[in-house]
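Taking it in order: structure first as structure tokens, then the write-up.
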Amino acid sequence: MAEVTVAIPVYNAEKFLEKAISSVLAQTFQDFELWIVDDGSTDSSVAISKKFLSDSRVKVFTDGKNLGLATRLNQTAVDVQTEYLARMDNDDIMHPQKLEKQLRVLKAHPEIDVLATNLYSINENDEVVGKRYDVQDDFLGDHIPFIHPTVIAKTAWFRSNPYDKNALRVDDADLWIRTGSRSVFRTMGEPLFFYREIGNQYYKKYFQGFGGVFYLLRKNFMSLVYLKFAFRYFAASFMYLMYYLFGKEHILIQNRNQIKLNGEHFTKFINNEK
């Protein structure tokens with residue numbers, strides 16, 4: 001049996017999916033399974049995924065239904081047999097040493113429940129435009145919020161702490177808030193992930209999460225932690241809207257990264273040319 005499962009939930013991801021899958025299969029740590037879990041895609045995502053079935057580590061699951069990300073993640077945690085479960089999004093790129101280095105840290109620090117990494121931000125052309133956190137590579141400490149697709153944890157932790165499927169578009173934030181007081185979260189300072197941030201009208205993505213935020217406020221009535229989260233969420237939403245109306249939304253997106261970089265291809269960062 002493999003030691004870790006990498007799970008990629010997929011919904012209409014044909015543009016970048018092949019690169020995401022290939023980056024997992026190129027890991028220096030090879031004792032893994034790759035689960036590609038389709039959520040009712042209507043494009044060529046399933047066909048692209050099935051191209052990789054010649055690799056015995058790859059499993060493709062498709063039932064034609066659109067059940068939502070949280071439901072797919074919870075079911076994956078129940079079904080996998082490996083000790084560890086790693087998240088991965090369908091448009092991002094893993095550094096080849098990501099699994100190797102994260103597993104090394106988890107085994108050296110068994111007290112850690114969930115381990116994330118620093119990351120590079122990439123555009124639609126695979127060019128690195130920023131580094132998220134300005135910390136040393138050997139940093140290992142608190143850095144919340146996590147970038148969700150960088151995390152890895154024991155599968156048992158994900159089973160004991162399922163996502164709330166009603167917290168639409170904020171299910172990851174809810175998970176960290178809900179479990180933070182009883183879990184040990186750590187982030188590695190080394191960027192081991194290439195996180196794709198593209199497009200415009202980001203305010204619409206925030207607005208789509210309003211229902212989930214209101215749901216969490218009702219569920220956690222009078223919780224100061226959730227009130228603070230909601231305030232920050234709504235403030236960010238309207239800030240993105242205002243910047244968009246003035247044609248400046250790109251500034252907010254750039255400012256997510258503490259270090260700005262000049263757009264060289266991500267492979268140069270893998271090959272240690274930077």
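Identifiers in this document derive from the order of the structure tokens: chains are assigned A, B, ..., residues are numbered from 1 separately in each chain, and ligands are numbered from 1 in order of occurrence.
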
If you run DSSP on the backbone, which residues of region 120-236 of chain A are strand (DSSP E or B), as an mmCIF file with all heavy atoms, in the first residue's frame?
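Generated output (result19.cif):
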data_model
loop_
_atom_site.group_PDB
_atom_site.id
_atom_site.type_symbol
_atom_site.label_atom_id
_atom_site.label_comp_id
_atom_site.auth_asym_id
_atom_site.auth_seq_id
_atom_site.Cartn_x
_atom_site.Cartn_y
_atom_site.Cartn_z
ATOM 1 N N TYR A 120 4.929 29.984 -4.534
ATOM 2 C CA TYR A 120 5.099 30.993 -5.566
ATOM 3 C C TYR A 120 3.760 31.189 -6.266
ATOM 4 O O TYR A 120 3.050 30.219 -6.554
ATOM 5 C CB TYR A 120 6.138 30.555 -6.603
ATOM 6 C CG TYR A 120 7.560 30.499 -6.106
ATOM 7 C CD1 TYR A 120 8.250 29.291 -6.065
ATOM 8 C CD2 TYR A 120 8.228 31.660 -5.699
ATOM 9 C CE1 TYR A 120 9.567 29.235 -5.630
ATOM 10 C CE2 TYR A 120 9.539 31.604 -5.257
ATOM 11 C CZ TYR A 120 10.201 30.396 -5.224
ATOM 12 O OH TYR A 120 11.504 30.350 -4.783
ATOM 13 N N SER A 121 3.447 32.422 -6.565
ATOM 14 C CA SER A 121 2.247 32.751 -7.325
ATOM 15 C C SER A 121 2.602 32.780 -8.814
ATOM 16 O O SER A 121 3.578 33.415 -9.213
ATOM 17 C CB SER A 121 1.699 34.110 -6.888
ATOM 18 O OG SER A 121 0.612 34.496 -7.699
ATOM 19 N N ILE A 122 1.808 32.071 -9.625
ATOM 20 C CA ILE A 122 2.066 32.035 -11.064
ATOM 21 C C ILE A 122 0.856 32.535 -11.835
ATOM 22 O O ILE A 122 -0.271 32.487 -11.351
ATOM 23 C CB ILE A 122 2.442 30.620 -11.563
ATOM 24 C CG1 ILE A 122 1.329 29.612 -11.270
ATOM 25 C CG2 ILE A 122 3.758 30.172 -10.955
ATOM 26 C CD1 ILE A 122 1.582 28.230 -11.864
ATOM 27 N N GLU A 127 4.361 31.820 -15.308
ATOM 28 C CA GLU A 127 5.417 32.740 -14.886
ATOM 29 C C GLU A 127 5.229 33.104 -13.419
ATOM 30 O O GLU A 127 4.111 33.374 -12.979
ATOM 31 C CB GLU A 127 5.377 34.003 -15.745
ATOM 32 C CG GLU A 127 5.654 33.731 -17.219
ATOM 33 C CD GLU A 127 5.245 34.881 -18.122
ATOM 34 O OE1 GLU A 127 4.360 35.678 -17.728
ATOM 35 O OE2 GLU A 127 5.791 34.970 -19.239
ATOM 36 N N VAL A 128 6.329 33.103 -12.684
ATOM 37 C CA VAL A 128 6.288 33.376 -11.249
ATOM 38 C C VAL A 128 6.274 34.890 -11.016
ATOM 39 O O VAL A 128 7.205 35.596 -11.394
ATOM 40 C CB VAL A 128 7.489 32.735 -10.536
ATOM 41 C CG1 VAL A 128 7.494 33.110 -9.053
ATOM 42 C CG2 VAL A 128 7.450 31.219 -10.705
ATOM 43 N N VAL A 129 5.214 35.373 -10.395
ATOM 44 C CA VAL A 129 5.059 36.812 -10.181
ATOM 45 C C VAL A 129 5.203 37.215 -8.718
ATOM 46 O O VAL A 129 5.233 38.408 -8.407
ATOM 47 C CB VAL A 129 3.699 37.300 -10.722
ATOM 48 C CG1 VAL A 129 3.618 37.089 -12.223
ATOM 49 C CG2 VAL A 129 2.534 36.598 -10.024
ATOM 50 N N GLY A 130 5.301 36.226 -7.821
ATOM 51 C CA GLY A 130 5.455 36.590 -6.421
ATOM 52 C C GLY A 130 5.693 35.384 -5.533
ATOM 53 O O GLY A 130 5.466 34.231 -5.925
ATOM 54 N N LYS A 131 6.197 35.664 -4.344
ATOM 55 C CA LYS A 131 6.372 34.668 -3.291
ATOM 56 C C LYS A 131 5.491 35.100 -2.130
ATOM 57 O O LYS A 131 5.545 36.251 -1.687
ATOM 58 C CB LYS A 131 7.842 34.608 -2.863
ATOM 59 C CG LYS A 131 8.154 33.615 -1.758
ATOM 60 C CD LYS A 131 9.650 33.656 -1.438
ATOM 61 C CE LYS A 131 10.017 32.775 -0.271
ATOM 62 N NZ LYS A 131 11.464 32.857 0.055
ATOM 63 N N LEU A 140 9.646 27.016 10.104
ATOM 64 C CA LEU A 140 8.584 26.054 10.379
ATOM 65 C C LEU A 140 7.788 26.599 11.552
ATOM 66 O O LEU A 140 8.222 26.520 12.693
ATOM 67 C CB LEU A 140 9.150 24.674 10.707
ATOM 68 C CG LEU A 140 8.109 23.577 10.994
ATOM 69 C CD1 LEU A 140 7.272 23.290 9.757
ATOM 70 C CD2 LEU A 140 8.783 22.300 11.495
ATOM 71 N N GLY A 141 6.645 27.185 11.274
ATOM 72 C CA GLY A 141 5.896 27.821 12.344
ATOM 73 C C GLY A 141 4.482 28.159 11.923
ATOM 74 O O GLY A 141 3.959 27.646 10.935
ATOM 75 N N ILE A 152 -1.000 18.942 3.769
ATOM 76 C CA ILE A 152 -0.969 17.496 3.906
ATOM 77 C C ILE A 152 -1.195 17.184 5.376
ATOM 78 O O ILE A 152 -0.774 17.946 6.255
ATOM 79 C CB ILE A 152 0.370 16.907 3.395
ATOM 80 C CG1 ILE A 152 0.354 15.376 3.436
ATOM 81 C CG2 ILE A 152 1.548 17.457 4.169
ATOM 82 C CD1 ILE A 152 1.566 14.742 2.766
ATOM 83 N N ALA A 153 -1.886 16.072 5.636
ATOM 84 C CA ALA A 153 -2.168 15.670 7.012
ATOM 85 C C ALA A 153 -2.375 14.172 7.043
ATOM 86 O O ALA A 153 -2.518 13.519 5.995
ATOM 87 C CB ALA A 153 -3.412 16.378 7.543
ATOM 88 N N LYS A 154 -2.399 13.617 8.226
ATOM 89 C CA LYS A 154 -2.788 12.224 8.343
ATOM 90 C C LYS A 154 -4.244 12.097 7.902
ATOM 91 O O LYS A 154 -5.082 12.942 8.218
ATOM 92 C CB LYS A 154 -2.615 11.725 9.775
ATOM 93 C CG LYS A 154 -1.154 11.474 10.147
ATOM 94 C CD LYS A 154 -1.026 10.735 11.467
ATOM 95 C CE LYS A 154 0.431 10.382 11.747
ATOM 96 N NZ LYS A 154 0.592 9.623 13.011
ATOM 97 N N PHE A 185 -1.089 23.355 13.670
ATOM 98 C CA PHE A 185 -0.888 23.738 12.277
ATOM 99 C C PHE A 185 0.504 24.330 12.125
ATOM 100 O O PHE A 185 0.938 25.136 12.938
ATOM 101 C CB PHE A 185 -1.905 24.800 11.840
ATOM 102 C CG PHE A 185 -3.340 24.369 11.908
ATOM 103 C CD1 PHE A 185 -4.344 25.306 12.086
ATOM 104 C CD2 PHE A 185 -3.704 23.042 11.788
ATOM 105 C CE1 PHE A 185 -5.672 24.936 12.136
ATOM 106 C CE2 PHE A 185 -5.032 22.656 11.844
ATOM 107 C CZ PHE A 185 -6.018 23.597 12.010
ATOM 108 N N ARG A 186 1.181 23.964 11.056
ATOM 109 C CA ARG A 186 2.481 24.545 10.764
ATOM 110 C C ARG A 186 2.607 24.788 9.255
ATOM 111 O O ARG A 186 2.000 24.090 8.437
ATOM 112 C CB ARG A 186 3.622 23.626 11.219
ATOM 113 C CG ARG A 186 3.728 23.470 12.733
ATOM 114 C CD ARG A 186 4.174 24.745 13.416
ATOM 115 N NE ARG A 186 4.332 24.577 14.848
ATOM 116 C CZ ARG A 186 3.387 24.821 15.752
ATOM 117 N NH1 ARG A 186 2.196 25.251 15.341
ATOM 118 N NH2 ARG A 186 3.627 24.662 17.027
ATOM 119 N N THR A 187 3.426 25.787 8.914
ATOM 120 C CA THR A 187 3.731 26.094 7.520
ATOM 121 C C THR A 187 5.240 26.077 7.326
ATOM 122 O O THR A 187 5.979 26.651 8.122
ATOM 123 C CB THR A 187 3.183 27.478 7.126
ATOM 124 O OG1 THR A 187 1.759 27.459 7.202
ATOM 125 C CG2 THR A 187 3.597 27.846 5.705
ATOM 126 N N MET A 188 5.687 25.406 6.291
ATOM 127 C CA MET A 188 7.096 25.403 5.928
ATOM 128 C C MET A 188 7.424 26.676 5.157
ATOM 129 O O MET A 188 6.638 27.124 4.310
ATOM 130 C CB MET A 188 7.420 24.183 5.061
ATOM 131 C CG MET A 188 7.211 22.856 5.754
ATOM 132 S SD MET A 188 7.367 21.436 4.615
ATOM 133 C CE MET A 188 9.078 21.620 4.068
ATOM 134 N N GLY A 189 8.595 27.257 5.420
ATOM 135 C CA GLY A 189 8.975 28.489 4.749
ATOM 136 C C GLY A 189 9.382 28.307 3.305
ATOM 137 O O GLY A 189 9.324 29.247 2.502
ATOM 138 N N GLU A 190 9.797 27.106 2.936
ATOM 139 C CA GLU A 190 10.244 26.872 1.567
ATOM 140 C C GLU A 190 9.059 26.824 0.612
ATOM 141 O O GLU A 190 8.089 26.104 0.859
ATOM 142 C CB GLU A 190 11.025 25.561 1.480
ATOM 143 C CG GLU A 190 11.624 25.318 0.113
ATOM 144 C CD GLU A 190 12.497 24.082 0.072
ATOM 145 O OE1 GLU A 190 12.591 23.364 1.090
ATOM 146 O OE2 GLU A 190 13.112 23.830 -0.994
ATOM 147 N N PRO A 191 9.102 27.561 -0.492
ATOM 148 C CA PRO A 191 8.008 27.505 -1.459
ATOM 149 C C PRO A 191 8.065 26.198 -2.247
ATOM 150 O O PRO A 191 8.995 25.976 -3.017
ATOM 151 C CB PRO A 191 8.266 28.702 -2.384
ATOM 152 C CG PRO A 191 9.353 29.499 -1.726
ATOM 153 C CD PRO A 191 10.118 28.546 -0.880
ATOM 154 N N LEU A 192 7.074 25.347 -2.040
ATOM 155 C CA LEU A 192 7.047 24.039 -2.696
ATOM 156 C C LEU A 192 5.794 23.877 -3.543
ATOM 157 O O LEU A 192 5.350 22.760 -3.806
ATOM 158 C CB LEU A 192 7.122 22.926 -1.640
ATOM 159 C CG LEU A 192 8.427 22.857 -0.844
ATOM 160 C CD1 LEU A 192 8.315 21.854 0.297
ATOM 161 C CD2 LEU A 192 9.599 22.498 -1.765
ATOM 162 N N PHE A 193 5.257 25.000 -3.983
ATOM 163 C CA PHE A 193 3.995 24.975 -4.714
ATOM 164 C C PHE A 193 3.924 26.191 -5.618
ATOM 165 O O PHE A 193 4.393 27.276 -5.244
ATOM 166 C CB PHE A 193 2.833 25.007 -3.718
ATOM 167 C CG PHE A 193 1.536 24.454 -4.231
ATOM 168 C CD1 PHE A 193 1.357 23.093 -4.391
ATOM 169 C CD2 PHE A 193 0.483 25.294 -4.541
ATOM 170 C CE1 PHE A 193 0.153 22.583 -4.856
ATOM 171 C CE2 PHE A 193 -0.720 24.799 -4.998
ATOM 172 C CZ PHE A 193 -0.889 23.431 -5.153
ATOM 173 N N PHE A 194 3.333 26.000 -6.780
ATOM 174 C CA PHE A 194 3.118 27.094 -7.724
ATOM 175 C C PHE A 194 1.605 27.289 -7.854
ATOM 176 O O PHE A 194 0.924 26.448 -8.447
ATOM 177 C CB PHE A 194 3.774 26.775 -9.063
ATOM 178 C CG PHE A 194 5.267 26.590 -8.960
ATOM 179 C CD1 PHE A 194 5.806 25.329 -8.749
ATOM 180 C CD2 PHE A 194 6.129 27.680 -9.042
ATOM 181 C CE1 PHE A 194 7.178 25.151 -8.638
ATOM 182 C CE2 PHE A 194 7.496 27.512 -8.924
ATOM 183 C CZ PHE A 194 8.024 26.247 -8.723
ATOM 184 N N TYR A 195 1.139 28.364 -7.265
ATOM 185 C CA TYR A 195 -0.293 28.617 -7.077
ATOM 186 C C TYR A 195 -0.774 29.591 -8.140
ATOM 187 O O TYR A 195 -0.297 30.719 -8.212
ATOM 188 C CB TYR A 195 -0.502 29.193 -5.679
ATOM 189 C CG TYR A 195 -1.924 29.413 -5.254
ATOM 190 C CD1 TYR A 195 -2.821 28.355 -5.185
ATOM 191 C CD2 TYR A 195 -2.362 30.680 -4.867
ATOM 192 C CE1 TYR A 195 -4.124 28.556 -4.757
ATOM 193 C CE2 TYR A 195 -3.662 30.889 -4.444
ATOM 194 C CZ TYR A 195 -4.538 29.817 -4.393
ATOM 195 O OH TYR A 195 -5.830 30.020 -3.966
ATOM 196 N N ARG A 196 -1.725 29.144 -8.940
ATOM 197 C CA ARG A 196 -2.153 29.945 -10.086
ATOM 198 C C ARG A 196 -3.204 30.975 -9.661
ATOM 199 O O ARG A 196 -4.263 30.615 -9.135
ATOM 200 C CB ARG A 196 -2.709 29.042 -11.184
ATOM 201 C CG ARG A 196 -2.690 29.702 -12.563
ATOM 202 C CD ARG A 196 -3.145 28.737 -13.633
ATOM 203 N NE ARG A 196 -2.323 27.544 -13.756
ATOM 204 C CZ ARG A 196 -1.179 27.491 -14.423
ATOM 205 N NH1 ARG A 196 -0.704 28.577 -15.021
ATOM 206 N NH2 ARG A 196 -0.493 26.363 -14.507
#

_List the spatial neighbours of Ile36 (chain A) as a PyMOL selection string - criterion: any atom at most 7 Å away, only C-alpha atoms, same-chain residues fewer than 3 positions off excluded._
chain A and resi 7-10+59-61

*Name all residues at most 12 Å from Leu25 (chain A) (count only C-alpha atoms; drop same-chain ones fewer than 5 positions away) and give them as a list of chain:residue names.*
A:Thr5, A:Val6, A:Glu18, A:Lys19, A:Ala20, A:Gln30, A:Asp31, A:Phe32, A:Glu33, A:Leu34, A:Trp35, A:Phe52, A:Leu53, A:Ser54, A:Asp55, A:Ser56, A:Arg57, A:Val58, A:Ile93, A:Met94, A:His95, A:Pro96, A:Gln97, A:Lys98, A:Leu99

Could you write out that same residue set with N, CA, C and O atoms as a short mmCIF file (atom, residue, chain, number, x, y, z; two decimals), in the first residue's frame?
data_model
loop_
_atom_site.label_atom_id
_atom_site.label_comp_id
_atom_site.auth_asym_id
_atom_site.auth_seq_id
_atom_site.Cartn_x
_atom_site.Cartn_y
_atom_site.Cartn_z
N THR A 5 -1.85 9.58 -0.33
CA THR A 5 -2.73 9.82 -1.47
C THR A 5 -2.76 11.31 -1.76
O THR A 5 -2.94 12.12 -0.84
N VAL A 6 -2.58 11.67 -3.01
CA VAL A 6 -2.78 13.04 -3.46
C VAL A 6 -4.14 13.09 -4.12
O VAL A 6 -4.43 12.32 -5.04
N GLU A 18 -3.81 18.96 -17.14
CA GLU A 18 -2.71 18.06 -17.51
C GLU A 18 -1.40 18.46 -16.82
O GLU A 18 -0.63 17.61 -16.37
N LYS A 19 -1.15 19.76 -16.71
CA LYS A 19 0.05 20.23 -16.02
C LYS A 19 0.00 19.89 -14.54
O LYS A 19 1.02 19.50 -13.94
N ALA A 20 -1.17 20.02 -13.94
CA ALA A 20 -1.30 19.70 -12.51
C ALA A 20 -1.02 18.23 -12.27
O ALA A 20 -0.26 17.87 -11.36
N GLN A 30 7.92 8.75 -4.61
CA GLN A 30 7.09 8.03 -5.58
C GLN A 30 6.06 7.11 -4.96
O GLN A 30 5.21 6.57 -5.68
N ASP A 31 6.08 6.92 -3.65
CA ASP A 31 5.16 5.96 -3.01
C ASP A 31 3.83 6.63 -2.70
O ASP A 31 3.47 6.86 -1.55
N PHE A 32 3.10 6.95 -3.76
CA PHE A 32 1.81 7.63 -3.57
C PHE A 32 0.77 7.08 -4.54
O PHE A 32 1.10 6.42 -5.54
N GLU A 33 -0.48 7.38 -4.24
CA GLU A 33 -1.58 7.21 -5.18
C GLU A 33 -2.09 8.60 -5.55
O GLU A 33 -2.08 9.51 -4.72
N LEU A 34 -2.52 8.75 -6.78
CA LEU A 34 -3.12 10.00 -7.23
C LEU A 34 -4.59 9.73 -7.54
O LEU A 34 -4.90 8.97 -8.46
N TRP A 35 -5.47 10.35 -6.77
CA TRP A 35 -6.90 10.22 -6.98
C TRP A 35 -7.41 11.49 -7.67
O TRP A 35 -7.31 12.58 -7.11
N PHE A 52 -3.97 9.37 -18.20
CA PHE A 52 -2.90 9.02 -17.27
C PHE A 52 -3.12 7.68 -16.59
O PHE A 52 -2.34 7.29 -15.72
N LEU A 53 -4.15 6.94 -16.97
CA LEU A 53 -4.46 5.68 -16.31
C LEU A 53 -3.43 4.60 -16.60
O LEU A 53 -3.42 3.55 -15.94
N SER A 54 -2.57 4.82 -17.56
CA SER A 54 -1.49 3.86 -17.81
C SER A 54 -0.51 3.80 -16.64
O SER A 54 0.23 2.82 -16.49
N ASP A 55 -0.51 4.84 -15.82
CA ASP A 55 0.29 4.84 -14.59
C ASP A 55 -0.56 4.20 -13.50
O ASP A 55 -1.64 4.67 -13.17
N SER A 56 -0.06 3.11 -12.93
CA SER A 56 -0.85 2.32 -11.98
C SER A 56 -1.19 3.09 -10.70
O SER A 56 -2.09 2.68 -9.96
N ARG A 57 -0.51 4.19 -10.46
CA ARG A 57 -0.79 4.98 -9.25
C ARG A 57 -2.01 5.87 -9.41
O ARG A 57 -2.53 6.40 -8.43
N VAL A 58 -2.45 6.05 -10.65
CA VAL A 58 -3.53 6.99 -10.93
C VAL A 58 -4.88 6.28 -10.90
O VAL A 58 -5.06 5.22 -11.52
N ILE A 93 0.59 23.73 -9.74
CA ILE A 93 1.75 22.90 -10.06
C ILE A 93 2.52 22.61 -8.77
O ILE A 93 2.84 23.54 -8.02
N MET A 94 2.83 21.36 -8.52
CA MET A 94 3.64 20.97 -7.37
C MET A 94 5.12 21.09 -7.71
O MET A 94 5.54 20.69 -8.80
N HIS A 95 5.89 21.59 -6.76
CA HIS A 95 7.34 21.45 -6.85
C HIS A 95 7.67 19.96 -6.76
O HIS A 95 7.04 19.23 -5.98
N PRO A 96 8.64 19.46 -7.53
CA PRO A 96 8.93 18.01 -7.52
C PRO A 96 9.27 17.43 -6.15
O PRO A 96 9.06 16.24 -5.92
N GLN A 97 9.78 18.25 -5.24
CA GLN A 97 10.17 17.74 -3.93
C GLN A 97 9.14 18.00 -2.84
O GLN A 97 9.40 17.75 -1.66
N LYS A 98 7.96 18.42 -3.21
CA LYS A 98 6.96 18.79 -2.21
C LYS A 98 6.60 17.63 -1.28
O LYS A 98 6.68 17.76 -0.05
N LEU A 99 6.20 16.51 -1.83
CA LEU A 99 5.80 15.39 -0.98
C LEU A 99 6.98 14.90 -0.14
O LEU A 99 6.83 14.62 1.05
#

*Arg72 (chain A) environment, 9 Å, only C-alpha atoms, sequence neighbours closer than 2 positions dropped, as a PyMOL selection string*: chain A and resi 9+37-39+67-70+74-77

*asked:* Need to verify the contact set: Glu14 (chain A), 8 Å, only C-alpha atoms, exclusion of same-chain residues closer than 6 positions in sequence. Can you return it as a list in words?
replied: Asp43, Ser44, Ser45 and Ile48 of chain A

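For region 108-111 of chain A, the set of protein, DNA and RNA residues having any atom at most 9 Å away, when counting only C-alpha atoms and skipping those fewer than 5 positions along the same chain, is Leu103, Ser183 and Val184 of chain A.
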
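Reported to one decimal place, the separation of CA of Leu217 (chain A) from CA of Phe231 (chain A) is 10.7 Å.
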
*Using the chain letters and numbers from this document, which residues of region 87-251 of chain A does DSSP assign to alpha helix (DSSP H), as a PyMOL selection string?*
chain A and resi 98-108+155-160+171-179+202-208+210-219+224-245+249-251

*Using only C-alpha atoms, determine which residues lie at most 9 Å from Val135 (chain A), disregarding the query and same-chain residues fewer than 2 positions distant; provide the list as a ChimeraX atom specification.*
/A:118,133,137-139,189-190

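Picture a line from CA of Tyr206 (chain A) to CA of Lys15 (chain A); it runs 22.8 Å.
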
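CA of Val225 (chain A) lies 20.3 Å from CA of Val114 (chain A).
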
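If only C-alpha atoms are the atoms counted, then among A:Ala236, A:Ile270, A:Ile198, A:Arg256 the closest residue to Glu124 (chain A) is A:Ile198.
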
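Each of A:Arg159, A:His148, A:Lys268, A:Lys50 was compared to Asp79 (chain A) using only C-alpha atoms, and A:Arg159 turns out to be the nearest.
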
*Hey, which of A:Ala156, A:Ala173, A:Val46, A:Val24 ends up closest to Val78 (chain A)? Count only C-alpha atoms.*
A:Ala156

*For each of A:Pro162, A:Asp172, A:Tyr215, A:Leu119, take the minimum atom-to-atom distance to Gln258 (chain A), counting only C-alpha atoms, then give the residue where this is smallest.*
A:Leu119
